[in-house]
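What follows is my_file.cif (mmCIF, C-alpha atoms (C1' of nucleotides)).
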data_input
loop_
_atom_site.label_atom_id
_atom_site.label_comp_id
_atom_site.auth_asym_id
_atom_site.auth_seq_id
_atom_site.Cartn_x
_atom_site.Cartn_y
_atom_site.Cartn_z
CA MET A 331 0.00 0.00 0.00
CA LYS A 332 1.25 3.45 -0.90
CA TRP A 333 0.76 6.61 1.16
CA ASP A 334 -1.70 7.98 -1.39
CA GLU A 335 -3.89 4.93 -1.11
CA LEU A 336 -4.02 5.37 2.64
CA GLU A 337 -5.42 8.82 2.15
CA GLU A 338 -8.24 7.47 0.02
CA GLN A 339 -9.46 4.76 2.35
CA PRO A 340 -12.91 5.18 3.86
CA CYS A 341 -11.40 5.48 7.32
CA SER A 342 -10.60 8.64 9.22
CA LEU A 343 -7.79 6.91 11.05
CA ALA A 344 -6.10 5.76 7.84
CA ARG A 345 -6.47 9.22 6.33
CA THR A 346 -4.91 10.85 9.35
CA VAL A 347 -2.12 8.27 9.42
CA ALA A 348 -1.40 9.30 5.84
CA VAL A 349 -0.61 12.75 7.25
CA ILE A 350 1.17 12.06 10.53
CA GLY A 351 1.93 8.35 10.48
CA ASP A 352 5.65 8.46 9.98
CA ARG A 353 8.57 8.77 12.31
CA TRP A 354 9.24 12.45 11.78
CA SER A 355 6.03 14.34 11.18
CA LEU A 356 4.84 14.14 14.76
CA LEU A 357 8.24 15.23 16.04
CA ILE A 358 8.22 18.19 13.70
CA LEU A 359 4.74 19.08 14.91
CA ARG A 360 5.89 18.78 18.51
CA GLU A 361 8.43 21.49 17.78
CA CYS A 362 5.76 23.58 16.09
CA PHE A 363 3.63 23.42 19.23
CA LEU A 364 6.74 24.41 21.20
CA ARG A 365 6.88 27.56 19.05
CA LYS A 366 9.72 26.54 16.77
CA ARG A 367 9.20 27.79 13.25
CA ARG A 368 12.40 27.56 11.24
CA PHE A 369 14.23 24.98 9.20
CA GLU A 370 17.44 25.23 11.18
CA ALA A 371 15.56 25.06 14.48
CA PHE A 372 13.79 21.86 13.48
CA GLN A 373 16.89 20.31 12.04
CA SER A 374 19.24 20.98 14.90
CA VAL A 375 16.90 19.92 17.68
CA LEU A 376 15.57 16.81 15.94
CA GLY A 377 18.66 15.54 14.18
CA ILE A 378 16.58 14.76 11.11
CA THR A 379 18.48 14.87 7.84
CA ARG A 380 18.02 18.12 5.98
CA HIS A 381 16.84 16.20 2.95
CA LEU A 382 13.99 14.56 4.78
CA LEU A 383 13.09 17.64 6.77
CA ALA A 384 12.65 19.59 3.56
CA GLU A 385 10.43 16.85 2.17
CA ARG A 386 8.30 16.53 5.29
CA LEU A 387 7.79 20.26 5.58
CA LYS A 388 6.68 20.38 1.96
CA LYS A 389 4.22 17.59 2.62
CA LEU A 390 2.78 19.21 5.73
CA VAL A 391 2.38 22.45 3.81
CA ARG A 392 0.76 20.67 0.88
CA LEU A 393 -1.69 18.99 3.25
CA GLY A 394 -2.60 22.26 4.92
CA VAL A 395 -1.13 21.51 8.34
CA LEU A 396 1.58 24.14 8.11
CA ARG A 397 1.80 27.43 6.26
CA ARG A 398 5.08 28.64 4.76
CA ILE A 399 5.46 32.37 5.18
CA PRO A 400 8.38 34.65 4.35
CA TYR A 401 9.92 36.38 7.34
CA GLN A 402 12.56 38.34 5.43
CA GLU A 403 13.43 39.40 1.92
CA SER A 404 16.92 39.11 0.43
CA PRO A 405 17.81 36.49 0.99
CA LYS A 406 14.24 35.28 0.99
CA ARG A 407 13.66 33.17 4.07
CA TYR A 408 10.57 31.30 5.16
CA GLU A 409 9.20 29.97 8.38
CA TYR A 410 6.55 27.40 9.08
CA ILE A 411 3.55 28.00 11.29
CA LEU A 412 0.59 25.84 12.21
CA THR A 413 -2.65 26.46 10.39
CA GLN A 414 -5.96 25.90 12.18
CA LYS A 415 -5.92 22.40 10.74
CA GLY A 416 -2.51 21.96 12.31
CA LEU A 417 -3.56 23.46 15.64
CA ASP A 418 -6.43 20.99 15.68
CA LEU A 419 -3.86 18.23 16.00
CA TYR A 420 -3.28 19.34 19.58
CA PRO A 421 -5.52 16.65 21.10
CA VAL A 422 -3.65 14.01 19.10
CA ILE A 423 -0.32 15.29 20.38
CA MET A 424 -1.57 15.49 23.95
CA ALA A 425 -3.08 12.01 23.84
CA ILE A 426 0.24 10.65 22.62
CA VAL A 427 2.22 12.56 25.24
CA HIS A 428 -0.11 11.40 27.98
CA TRP A 429 0.23 7.75 26.99
CA GLY A 430 3.99 8.16 27.08
CA ASP A 431 3.74 9.84 30.48
CA VAL A 432 1.82 6.86 31.82
CA HIS A 433 3.55 3.97 30.06
CA MET A 434 6.99 5.06 28.93
CA VAL A 435 8.53 7.01 31.83
CA ASP A 436 11.50 5.77 33.80
CA SER A 437 11.93 6.10 37.56
CA ARG A 438 12.82 9.76 37.25
CA GLY A 439 9.33 10.72 36.20
CA ARG A 440 7.87 12.80 33.41
CA PRO A 441 10.07 14.83 31.13
CA MET A 442 7.49 17.59 30.95
CA LEU A 443 4.58 18.94 32.95
CA HIS A 444 1.61 20.81 31.54
CA GLU A 445 -0.09 23.76 33.15
CA HIS A 446 -3.57 24.86 32.16
CA GLN A 447 -3.68 28.65 32.11
CA ASN A 448 -7.44 28.69 32.66
CA CYS A 449 -7.30 27.01 36.05
CA GLY A 450 -3.64 27.46 36.85
CA LYS A 451 -3.07 23.80 37.64
CA LEU A 452 -0.84 21.04 36.38
CA PHE A 453 -3.10 18.66 34.53
CA ASP A 454 -3.50 15.53 32.45
CA PRO A 455 -5.55 15.52 29.29
CA VAL A 456 -8.72 13.45 29.57
CA MET A 457 -10.84 12.35 26.65
CA VAL A 458 -14.56 12.66 27.30
CA CYS A 459 -17.84 12.18 25.44
CA SER A 460 -19.08 15.37 23.82
CA GLU A 461 -22.65 14.47 24.82
CA CYS A 462 -22.48 13.36 28.44
CA GLY A 463 -19.00 14.51 29.44
CA GLU A 464 -18.00 11.13 30.85
CA PRO A 465 -14.45 9.84 30.23
CA LEU A 466 -14.32 7.45 27.29
CA ALA A 467 -13.37 3.79 27.42
CA ALA A 468 -13.12 1.56 24.38
CA LYS A 469 -15.61 -0.97 25.72
CA GLN A 470 -18.38 1.60 26.08
CA VAL A 471 -18.23 2.69 22.48
CA HIS A 472 -20.04 1.04 19.60
CA VAL A 473 -19.17 1.78 16.02
CA HIS A 474 -21.67 2.24 13.18
CA PRO A 475 -21.07 2.76 9.50
CA GLY A 476 -21.53 6.43 8.61
CA PRO A 477 -22.61 8.08 5.34
CA GLY A 478 -19.09 7.92 3.92
CA ALA A 479 -18.64 4.26 4.83
CA ARG A 480 -17.61 2.91 1.45
CA GLN A 481 -15.67 4.24 -1.47
CA PRO A 482 -18.04 4.53 -4.44
CA ALA A 483 -15.85 2.98 -7.13
CA VAL A 484 -12.74 1.33 -5.79
CA ALA A 485 -14.25 -0.40 -2.79
CA SER A 486 -17.08 -1.98 -4.73
CA LEU A 487 -14.59 -3.34 -7.23
CA LYS A 488 -12.55 -4.77 -4.41
CA ALA A 489 -15.70 -6.29 -2.96
CA GLU A 490 -16.36 -8.00 -6.31
CA LYS A 491 -12.90 -9.38 -6.38
CA VAL A 492 -13.24 -10.76 -2.87
CA ARG A 493 -16.60 -12.34 -3.49
CA MET B 450 18.22 8.65 14.44
CA LYS B 451 17.26 5.03 15.03
CA TRP B 452 14.03 3.78 16.56
CA ASP B 453 15.81 2.73 19.73
CA GLU B 454 17.21 6.21 20.23
CA LEU B 455 13.72 7.63 19.93
CA GLU B 456 12.62 5.45 22.80
CA GLU B 457 15.37 6.85 25.00
CA GLN B 458 14.72 10.52 24.46
CA PRO B 459 13.49 12.53 27.43
CA CYS B 460 10.18 13.15 25.69
CA SER B 461 6.94 11.26 26.11
CA LEU B 462 5.93 12.05 22.57
CA ALA B 463 9.14 10.67 21.09
CA ARG B 464 8.86 7.55 23.22
CA THR B 465 5.30 6.95 22.10
CA VAL B 466 6.23 7.62 18.49
CA ALA B 467 8.83 4.87 18.88
CA VAL B 468 5.88 2.53 19.53
CA ILE B 469 3.18 3.71 17.12
CA GLY B 470 4.94 6.11 14.79
CA ASP B 471 4.98 4.06 11.63
CA ARG B 472 2.55 3.50 8.85
CA TRP B 473 1.20 0.16 10.03
CA SER B 474 1.11 -0.02 13.82
CA LEU B 475 -1.83 2.31 14.19
CA LEU B 476 -3.76 0.46 11.51
CA ILE B 477 -3.11 -2.84 13.25
CA LEU B 478 -4.29 -1.32 16.50
CA ARG B 479 -7.41 -0.01 14.78
CA GLU B 480 -8.27 -3.58 13.90
CA CYS B 481 -7.55 -4.67 17.47
CA PHE B 482 -10.04 -2.12 18.75
CA LEU B 483 -12.50 -3.44 16.18
CA ARG B 484 -12.12 -6.86 17.84
CA LYS B 485 -9.88 -8.46 15.25
CA ARG B 486 -7.31 -10.78 16.82
CA ARG B 487 -5.71 -13.03 14.25
CA PHE B 488 -2.86 -12.86 11.79
CA GLU B 489 -5.00 -13.68 8.78
CA ALA B 490 -7.66 -11.18 9.82
CA PHE B 491 -5.13 -8.36 10.07
CA GLN B 492 -3.40 -9.32 6.87
CA SER B 493 -6.45 -9.66 4.67
CA VAL B 494 -8.17 -6.47 5.81
CA LEU B 495 -5.06 -4.26 5.84
CA GLY B 496 -3.20 -5.56 2.82
CA ILE B 497 0.04 -5.36 4.77
CA THR B 498 2.70 -7.83 3.65
CA ARG B 499 2.86 -10.91 5.84
CA HIS B 500 6.51 -10.26 6.48
CA LEU B 501 5.94 -6.84 7.93
CA LEU B 502 2.82 -7.85 9.82
CA ALA B 503 4.77 -10.57 11.60
CA GLU B 504 7.45 -8.06 12.51
CA ARG B 505 5.06 -5.41 13.74
CA LEU B 506 3.10 -7.87 15.85
CA LYS B 507 6.32 -9.05 17.44
CA LYS B 508 7.26 -5.49 18.22
CA LEU B 509 3.89 -4.64 19.73
CA VAL B 510 4.08 -7.76 21.87
CA ARG B 511 7.62 -6.97 22.96
CA LEU B 512 6.56 -3.47 23.94
CA GLY B 513 3.63 -4.75 25.96
CA VAL B 514 0.85 -3.33 23.80
CA LEU B 515 -0.43 -6.73 22.65
CA ARG B 516 -0.37 -10.14 24.27
CA ARG B 517 0.11 -13.29 22.16
CA ILE B 518 -2.03 -16.10 23.46
CA PRO B 519 -2.62 -19.60 22.05
CA TYR B 520 -6.19 -20.30 21.04
CA GLN B 521 -5.63 -23.90 19.92
CA GLU B 522 -3.08 -26.67 20.22
CA SER B 523 -1.87 -28.77 17.27
CA PRO B 524 -1.28 -26.96 15.21
CA LYS B 525 -0.43 -24.33 17.77
CA ARG B 526 -2.11 -21.08 16.81
CA TYR B 527 -1.96 -17.72 18.50
CA GLU B 528 -4.06 -14.63 18.59
CA TYR B 529 -3.25 -11.09 19.63
CA ILE B 530 -5.20 -9.14 22.18
CA LEU B 531 -4.75 -5.69 23.64
CA THR B 532 -3.16 -5.43 27.06
CA GLN B 533 -4.19 -2.65 29.41
CA LYS B 534 -1.27 -0.67 28.02
CA GLY B 535 -2.75 -1.24 24.58
CA LEU B 536 -6.28 -0.37 25.65
CA ASP B 537 -4.91 2.87 27.04
CA LEU B 538 -4.10 3.89 23.47
CA TYR B 539 -7.82 4.40 22.89
CA PRO B 540 -7.69 8.18 23.40
CA VAL B 541 -4.84 8.38 20.89
CA ILE B 542 -6.85 6.43 18.33
CA MET B 543 -9.98 8.48 18.95
CA ALA B 544 -8.11 11.77 18.73
CA ILE B 545 -6.68 10.67 15.40
CA VAL B 546 -10.04 9.49 14.10
CA HIS B 547 -11.70 12.71 15.18
CA TRP B 548 -9.14 14.86 13.39
CA GLY B 549 -9.73 12.79 10.27
CA ASP B 550 -13.48 13.20 10.71
CA VAL B 551 -13.09 16.97 10.83
CA HIS B 552 -10.34 17.53 8.28
CA MET B 553 -10.16 14.58 5.93
CA VAL B 554 -13.73 13.69 5.00
CA ASP B 555 -15.15 14.11 1.53
CA SER B 556 -18.64 15.33 0.70
CA ARG B 557 -20.17 12.01 1.64
CA GLY B 558 -19.41 12.46 5.30
CA ARG B 559 -17.83 10.32 7.96
CA PRO B 560 -16.96 6.72 7.32
CA MET B 561 -17.90 5.77 10.87
CA LEU B 562 -20.04 7.03 13.70
CA HIS B 563 -19.43 6.40 17.37
CA GLU B 564 -22.10 5.69 19.95
CA HIS B 565 -21.43 6.07 23.66
CA GLN B 566 -23.18 3.23 25.48
CA ASN B 567 -23.36 5.23 28.71
CA CYS B 568 -25.54 7.97 27.29
CA GLY B 569 -26.76 6.26 24.14
CA LYS B 570 -25.79 9.13 21.86
CA LEU B 571 -23.58 9.58 18.85
CA PHE B 572 -20.63 11.62 20.05
CA ASP B 573 -17.30 13.22 19.31
CA PRO B 574 -14.33 12.77 21.61
CA VAL B 575 -13.32 15.97 23.40
CA MET B 576 -10.08 16.47 25.24
CA VAL B 577 -10.47 18.30 28.52
CA CYS B 578 -8.34 19.36 31.48
CA SER B 579 -8.31 16.79 34.28
CA GLU B 580 -8.47 19.61 36.85
CA CYS B 581 -11.11 22.00 35.61
CA GLY B 582 -12.84 19.95 32.93
CA GLU B 583 -12.56 22.66 30.29
CA PRO B 584 -11.71 21.69 26.71
CA LEU B 585 -8.01 22.12 25.97
CA ALA B 586 -6.49 24.47 23.45
CA ALA B 587 -2.78 24.67 22.69
CA LYS B 588 -2.55 28.37 23.52
CA GLN B 589 -3.84 27.89 27.05
CA VAL B 590 -1.22 25.37 27.99
CA HIS B 591 2.26 26.15 29.30
CA VAL B 592 4.97 23.56 29.45
CA HIS B 593 7.45 23.09 32.30
CA PRO B 594 10.38 20.75 32.59
CA GLY B 595 9.48 17.79 34.81
CA PRO B 596 11.63 15.57 37.02
CA GLY B 597 12.66 13.37 34.07
CA ALA B 598 13.56 16.33 31.89
CA ARG B 599 17.09 15.32 30.91
CA GLN B 600 18.82 12.06 30.25
CA PRO B 601 21.44 11.48 32.95
CA ALA B 602 24.35 10.36 30.77
CA VAL B 603 23.71 10.81 27.08
CA ALA B 604 22.05 14.20 27.21
CA SER B 605 24.73 15.80 29.32
CA LEU B 606 27.36 14.53 26.90
CA LYS B 607 25.39 16.00 24.05
CA ALA B 608 25.11 19.26 25.98
CA GLU B 609 28.91 19.30 26.34
CA LYS B 610 29.33 18.72 22.67
CA VAL B 611 26.96 21.55 21.82
CA ARG B 612 28.52 24.03 24.22
"C1'" DA C 231 38.67 38.81 1.64
"C1'" DT C 232 36.93 35.47 4.69
"C1'" DT C 233 33.71 33.51 7.66
"C1'" DG C 234 29.22 32.30 9.16
"C1'" DA C 235 24.05 31.85 9.08
"C1'" DC C 236 20.11 30.13 6.78
"C1'" DA C 237 17.25 27.31 3.77
"C1'" DG C 238 17.62 24.34 1.22
"C1'" DT C 239 19.51 20.58 -2.88
"C1'" DT C 240 22.26 16.68 -4.57
"C1'" DC C 241 24.04 12.08 -4.49
"C1'" DA C 242 25.95 7.46 -2.99
"C1'" DA C 243 25.30 3.99 0.55
"C1'" DT C 244 22.38 1.78 3.77
"C1'" DT C 245 18.01 0.32 5.63
"C1'" DT C 246 13.07 -0.67 5.12
"C1'" DT C 247 9.26 -2.16 2.76
"C1'" DA C 248 6.76 -4.55 -0.96
"C1'" DG C 249 5.51 -8.66 -3.48
"C1'" DA C 250 5.54 -13.17 -4.16
"C1'" DA C 251 6.50 -17.85 -3.20
"C1'" DC C 252 7.32 -21.29 0.21
"C1'" DT C 253 6.84 -24.01 4.94
"C1'" DT C 254 4.52 -26.50 8.58
"C1'" DT C 255 0.74 -28.79 10.98
"C1'" DA C 256 -3.60 -30.62 10.70
"C1'" DA C 257 -8.48 -30.90 9.25
"C1'" DG C 258 -11.81 -31.82 5.63
"C1'" DT C 259 -12.92 -33.70 0.88
"C1'" DT C 260 -12.87 -36.89 -3.07
"C1'" DA D 143 -4.79 -42.50 0.18
"C1'" DA D 144 -4.25 -38.33 -2.26
"C1'" DC D 145 -5.68 -33.61 -2.66
"C1'" DT D 146 -7.19 -29.20 -1.06
"C1'" DT D 147 -7.70 -25.74 2.34
"C1'" DA D 148 -6.60 -22.93 6.45
"C1'" DA D 149 -3.66 -20.53 9.64
"C1'" DA D 150 0.53 -18.46 11.01
"C1'" DG D 151 4.33 -17.61 9.80
"C1'" DT D 152 9.37 -17.51 7.05
"C1'" DT D 153 12.39 -16.66 3.10
"C1'" DC D 154 13.90 -14.28 -0.86
"C1'" DT D 155 14.63 -10.51 -4.41
"C1'" DA D 156 13.34 -6.00 -6.15
"C1'" DA D 157 11.84 -1.43 -5.20
"C1'" DA D 158 11.44 2.52 -2.26
"C1'" DA D 159 12.67 5.37 1.60
"C1'" DT D 160 16.16 7.12 4.73
"C1'" DT D 161 20.75 8.37 6.13
"C1'" DG D 162 25.04 10.90 5.98
"C1'" DA D 163 27.74 13.98 4.07
"C1'" DA D 164 28.94 17.44 1.00
"C1'" DC D 165 27.50 21.26 -1.78
"C1'" DT D 166 24.74 25.77 -3.39
"C1'" DG D 167 23.25 30.62 -3.24
"C1'" DT D 168 22.36 34.87 -0.86
"C1'" DC D 169 23.43 38.05 2.32
"C1'" DA D 170 25.59 40.19 6.85
"C1'" DA D 171 29.39 40.65 9.84
"C1'" DT D 172 34.51 40.63 10.85
#
Would you mind writing the file's structure down as structure tokens?
Amino acid sequence: MKWDELEEQPCSLARTVAVIGDRWSLLILRECFLRKRRFEAFQSVLGITRHLLAERLKKLVRLGVLRRIPYQESPKRYEYILTQKGLDLYPVIMAIVHWGDVHMVDSRGRPMLHEHQNCGKLFDPVMVCSECGEPLAAKQVHVHPGPGARQPAVASLKAEKVR
Amino acid sequence: MKWDELEEQPCSLARTVAVIGDRWSLLILRECFLRKRRFEAFQSVLGITRHLLAERLKKLVRLGVLRRIPYQESPKRYEYILTQKGLDLYPVIMAIVHWGDVHMVDSRGRPMLHEHQNCGKLFDPVMVCSECGEPLAAKQVHVHPGPGARQPAVASLKAEKVR
DNA sequence: ATTGACAGTTCAATTTTAGAACTTTAAGTT
DNA sequence: AACTTAAAGTTCTAAAATTGAACTGTCAAT
């Protein structure tokens, strides 16, 4: 399966994985959320090869997660900032960080703590139901096919083949 | 940077990316949350090569996300089920799915809908602050170094090198 | 005149992944 | 008894992605 095919699957997880499902994209986005914006800043802190960083940044721009804006003329230089689509990845990032905080820390404890400006406290992110506000657990959720459940052309062809 | 180095960074995101930050792991876990448990089931629905599936399953077992348990003797056959550590990835999966639902759907709408058994309603996952219960936004969160902020040996060497 | 910063690009060597065939153990079918 | 199927892998070669290192072009500072 190629990356482009992933994007076309009738699955919101697969489509998102097509955007962030590689080793570097999430690390680049981490730096974006930590207010880094420039090529050199990403490269030096991550240790990613310049080649790949250039490619990943292009991809994230193409997909609308980052915007490339000039910050000086002559020589023309650009920096990368999160779009709203990119900012909306915050819950993904926080869910990932939280899982690491719970399951991947050593005896020394968490590398980072998060403070919520609204209430002034150190917090953990909690995922809740938009309707009743209760924390979510996998076992309490049932899945139903939605209106976009199947691809019109490709999937029906595949179905034929399988039958 | 190698995968093993990722795991050792003083960053919960990097450590989690070392576990799920590739094209296939999240898709395999999707199937796990959809109650799939067997090699053939994963392989046929995902289209992943058998070679890579075997490798990824081994890795997820080694990292404690899945458990490999025999479901029949002679011939000995195994299936893969989520551990608690694996089940705890649910918020990560849901955050990813939700972002896809918002930003990657076509005109036909969402491929899947989620029903919360507790309240009986179709819902979206929302990430809130554990302390005040308010929905989280990146701009309202400040980050502080925690007790595990730096690697004891490696990081200080790196710091020397940089200085 | 030289050095350094920044944002990349280029290219060979290595590592990963894809695609396909093959293996093993046993049950079911002809 | 021979043949087919199923499940869970393993093995192999070709293709693709990633690494590592050097190089480019533009400008400012020394």
- Message: Show me, as JSON, numbers by chain, the residues of chain C whose atoms get within 9 Å of chain B, using all atoms listed in the file for the distance check.
- Response: {"C": [247, 248, 249, 254, 255, 256]}
Shell around Ala371 (chain A) at 12 Å using all atoms listed in the file, local window under 4 positions removed, as a JSON list (two decimals) with C-alpha atoms (C1' of nucleotides), in the frame of the given file:
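That gives us result_0.json:
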[["chain", "number", "residue", "atom", "x", "y", "z"],
["A", 358, "ILE", "CA", 8.22, 18.19, 13.70],
["A", 361, "GLU", "CA", 8.43, 21.49, 17.78],
["A", 362, "CYS", "CA", 5.76, 23.58, 16.09],
["A", 364, "LEU", "CA", 6.74, 24.41, 21.20],
["A", 365, "ARG", "CA", 6.88, 27.56, 19.05],
["A", 366, "LYS", "CA", 9.72, 26.54, 16.77],
["A", 367, "ARG", "CA", 9.20, 27.79, 13.25],
["A", 375, "VAL", "CA", 16.90, 19.92, 17.68],
["A", 376, "LEU", "CA", 15.57, 16.81, 15.94],
["A", 377, "GLY", "CA", 18.66, 15.54, 14.18],
["A", 378, "ILE", "CA", 16.58, 14.76, 11.11],
["A", 380, "ARG", "CA", 18.02, 18.12, 5.98],
["A", 383, "LEU", "CA", 13.09, 17.64, 6.77],
["A", 409, "GLU", "CA", 9.20, 29.97, 8.38],
["A", 410, "TYR", "CA", 6.55, 27.40, 9.08],
["C", 236, "DC", "C1'", 20.11, 30.13, 6.78],
["C", 237, "DA", "C1'", 17.25, 27.31, 3.77]]
- Task: Give me the result of the PyMOL selection byres ((chain D) within 8 of (chain B)) on this file, residue by residue, as a list in words.
- Result: DA149, DA150, DG151 and DT152 of chain D
- Compare B:Glu457, B:Ile530, B:Pro584, B:Ile545 by their minimum atom-to-atom distance to chain A, counting only C-alpha atoms, and give me the closest one.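 Nearest to chain A: B:Ile545.
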- Apply the PyMOL selection byres ((chain D and resi 171) around 12) to the displayed file and report the matching residues as a PyMOL selection string. (chain C and resi 232-235) or (chain D and resi 169-170+172)
- Message: Calculated over only C-alpha atoms, which of the candidates B:Gly513, B:Gly597, B:Ser474, B:Val554 has the smallest distance to chain A?
- Response: B:Gly597
Taking all atoms of region 573-583 of chain B that appear in the file, build a box with edges along x, y and z, extend it by 5 Å on every side, and state its centre and edge lengths in Å to one decimal, as lines of an AutoDock Vina configuration file.
center_x = -12.8
center_y = 17.7
center_z = 28.1
size_x = 19.0
size_y = 19.9
size_z = 27.5
- CA of Glu454 (chain B) and C1' of DT160 (chain D) are how many Å apart?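 About the pair CA of Glu454 (chain B) and C1' of DT160 (chain D): they are 15.6 Å apart.
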- State, in Å with one decimal place, the distance from C1' of DA159 (chain D) to CA of Leu396 (chain A).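 Computing the Euclidean distance for C1' of DA159 (chain D) and CA of Leu396 (chain A) yields 22.8 Å.
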- Item | Pick from A:Pro441, A:Trp333, A:Ala467, A:Arg386 nearest to chain B, counting only C-alpha atoms | A:Pro441
- Task: Measure the distance from CA of Leu393 (chain A) to CA of Arg557 (chain B) in Å and round it to one decimal.
- Result: 19.8 Å
- Task: Using the chain letters and numbering of this document, enumerate as a list in words the residues selected by the PyMOL selection byres ((chain C and resi 251) around 9).
- Result: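 On the file shown, the PyMOL selection byres ((chain C and resi 251) around 9) covers DA250 and DC252 of chain C; DT153 and DC154 of chain D.
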- Task: Please provide as an MDAnalysis selection string all residues within 10 Å of DT259 (chain C), with the sequence filter that same-chain residues fewer than 2 positions apart are discarded (counting only C-alpha atoms (C1' of nucleotides)).
- Result: (chainID C and resid 257) or (chainID D and resid 145:147)
- Find the residue from A:Lys389, A:Lys469, A:Lys332, A:His446 that sits nearest to chain B; use all atoms listed in the file when measuring. A:His446
- For Val592 (chain B): contacts at 7 Å, only C-alpha atoms (C1' of nucleotides), fewer than 2 positions along chain excluded, given as number ranges by chain: A: 442-445; B: 590, 594
Export of prior selection with C-alpha atoms as a PDB file, keeping the file's coordinate frame:
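For reference, again-v4.pdb as written:
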ATOM      1  CA  MET A 442       7.490  17.590  30.950  1.00  0.00           C
ATOM      2  CA  LEU A 443       4.580  18.940  32.950  1.00  0.00           C
ATOM      3  CA  HIS A 444       1.610  20.810  31.540  1.00  0.00           C
ATOM      4  CA  GLU A 445      -0.090  23.760  33.150  1.00  0.00           C
TER       5      GLU A 445
ATOM      6  CA  VAL B 590      -1.220  25.370  27.990  1.00  0.00           C
ATOM      7  CA  PRO B 594      10.380  20.750  32.590  1.00  0.00           C
TER       8      PRO B 594
END
